[in-house]
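Since the structure comes first, as structure tokens, the remarks are kept for the end.
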Amino acid sequence: MTAEKSETLVRTEKGICVLRDGEYVPLTKEELQQLIDEKETTPKAEKIEISDTPVVEKGVFGLPCITPARGSKWDKLERNRNLRKAIISLLNKTRKPMCVEEVSEETECAWVTARQILTDLALEGKVKFFVTRDGYGRLYQINEEWLNVKAAEKETE
């Protein structure tokens, strides 16, 4: 069949035919099988596995530092949920007012993300904020009353 590779193959009602001596002759089963075996297959792509769990490293105070999420919207939600917990535990450990820059450095997240999370926490009543000068800066501190309520809820459970 190797000498016949240059011959033209045509599909007809009779099956696959080859042009020999001016006539189209159907291929035998052996010739078809040989053609199929000689056919080069394209290599398949390797399967790449992606882990769903975020990579968590330890920061300065031993708080988790989340690497940027890859993929879906749910990865981002999980990262922000972990950042909220890290910011609350940071403010709980320090027990002193901190600015957005300090929080973003300690949790190793973007300044904008830290500011948004701190603002959300302040609106929820979990964090108190103080304005140092009108229009300039805010300091955030853990809300002691909220902590006492949470502690009381855990004791009753």
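Every chain in the structure tokens takes a letter, A first, then B, and so on in the order presented; its residues are numbered from 1, and the ligands are numbered from 1 following the presented order.
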
Please identify all polymer residues within 12 Å of A:Asp120, counting only C-alpha atoms, omitting same-chain residues fewer than 3 positions from it, and present them as a PyMOL selection string. chain A and resi 80-81+84+87-88+113-117+123-129+140

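Our summary of the geometry notes that atom CA of A:Arg95 is positioned 24.0 Å from atom CA of A:Arg79.
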
Using only C-alpha atoms, which protein or nucleic acid residues come within 10 Å of A:Glu102? Drop anything in the same chain fewer than 6 positions from it, and give the result as a PyMOL selection string. chain A and resi 108+111+114+139

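Taking atom CA of A:Lys150 and atom CA of A:Val112 as endpoints, the distance between them is 27.8 Å.
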
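Minimum distance to A:Lys85 across A:Leu121, A:Leu32, A:Leu9, A:Val131 (counting only C-alpha atoms) occurs at A:Leu121.
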
Residues within 9 Å of A:Val10, only C-alpha atoms, excluding chain neighbours under 4 positions, as a list of chain:residue names: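 Contacts, in chain order: A:Gly15, A:Ile16, A:Cys17, A:Val18, A:Leu19, A:Tyr24.
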
May I have the residues from that selection written out with N, CA, C and O atoms, as a PDB file, in the first residue's frame?
```pdb
ATOM      1  N   GLY A  15     -18.203   2.428  -1.897  1.00  0.00           N
ATOM      2  CA  GLY A  15     -17.262   2.551  -0.780  1.00  0.00           C
ATOM      3  C   GLY A  15     -16.099   3.435  -1.192  1.00  0.00           C
ATOM      4  O   GLY A  15     -16.204   4.233  -2.114  1.00  0.00           O
ATOM      5  N   ILE A  16     -14.985   3.230  -0.532  1.00  0.00           N
ATOM      6  CA  ILE A  16     -13.797   4.009  -0.882  1.00  0.00           C
ATOM      7  C   ILE A  16     -13.093   3.305  -2.032  1.00  0.00           C
ATOM      8  O   ILE A  16     -12.774   2.115  -1.959  1.00  0.00           O
ATOM      9  N   CYS A  17     -12.854   4.084  -3.090  1.00  0.00           N
ATOM     10  CA  CYS A  17     -12.234   3.522  -4.289  1.00  0.00           C
ATOM     11  C   CYS A  17     -10.919   4.229  -4.560  1.00  0.00           C
ATOM     12  O   CYS A  17     -10.705   5.372  -4.157  1.00  0.00           O
ATOM     13  N   VAL A  18     -10.064   3.548  -5.299  1.00  0.00           N
ATOM     14  CA  VAL A  18      -8.786   4.107  -5.703  1.00  0.00           C
ATOM     15  C   VAL A  18      -8.714   4.085  -7.226  1.00  0.00           C
ATOM     16  O   VAL A  18      -9.266   3.188  -7.865  1.00  0.00           O
ATOM     17  N   LEU A  19      -8.065   5.081  -7.813  1.00  0.00           N
ATOM     18  CA  LEU A  19      -7.951   5.166  -9.265  1.00  0.00           C
ATOM     19  C   LEU A  19      -6.755   4.322  -9.702  1.00  0.00           C
ATOM     20  O   LEU A  19      -5.619   4.636  -9.391  1.00  0.00           O
ATOM     21  N   TYR A  24     -11.895   3.329 -11.323  1.00  0.00           N
ATOM     22  CA  TYR A  24     -12.019   3.379  -9.866  1.00  0.00           C
ATOM     23  C   TYR A  24     -12.327   1.978  -9.352  1.00  0.00           C
ATOM     24  O   TYR A  24     -13.338   1.376  -9.705  1.00  0.00           O
TER      25      TYR A  24
END
```

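Atom CA of A:Ala86 lies 27.2 Å from atom CA of A:Arg133.
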
I'd like the neighbourhood of A:Asn92 as a list of chain:residue names, where a residue qualifies if any of its atoms comes within 9 Å (using only C-alpha atoms), though same-chain residues fewer than 2 positions away should be ignored.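 Surrounding residues, per the criterion: A:Ile87, A:Ile88, A:Ser89, A:Leu90, A:Thr94, A:Arg95, A:Lys96, A:Gln141, A:Ile142, A:Asn143, A:Glu144, A:Leu147.
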
Nearest to A:Asn82, chosen from A:Thr8, A:Val100, A:Thr107, A:Phe130, with only C-alpha atoms counted in the distances: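 Of the candidates, the smallest distance to A:Asn82 is held by A:Thr107.
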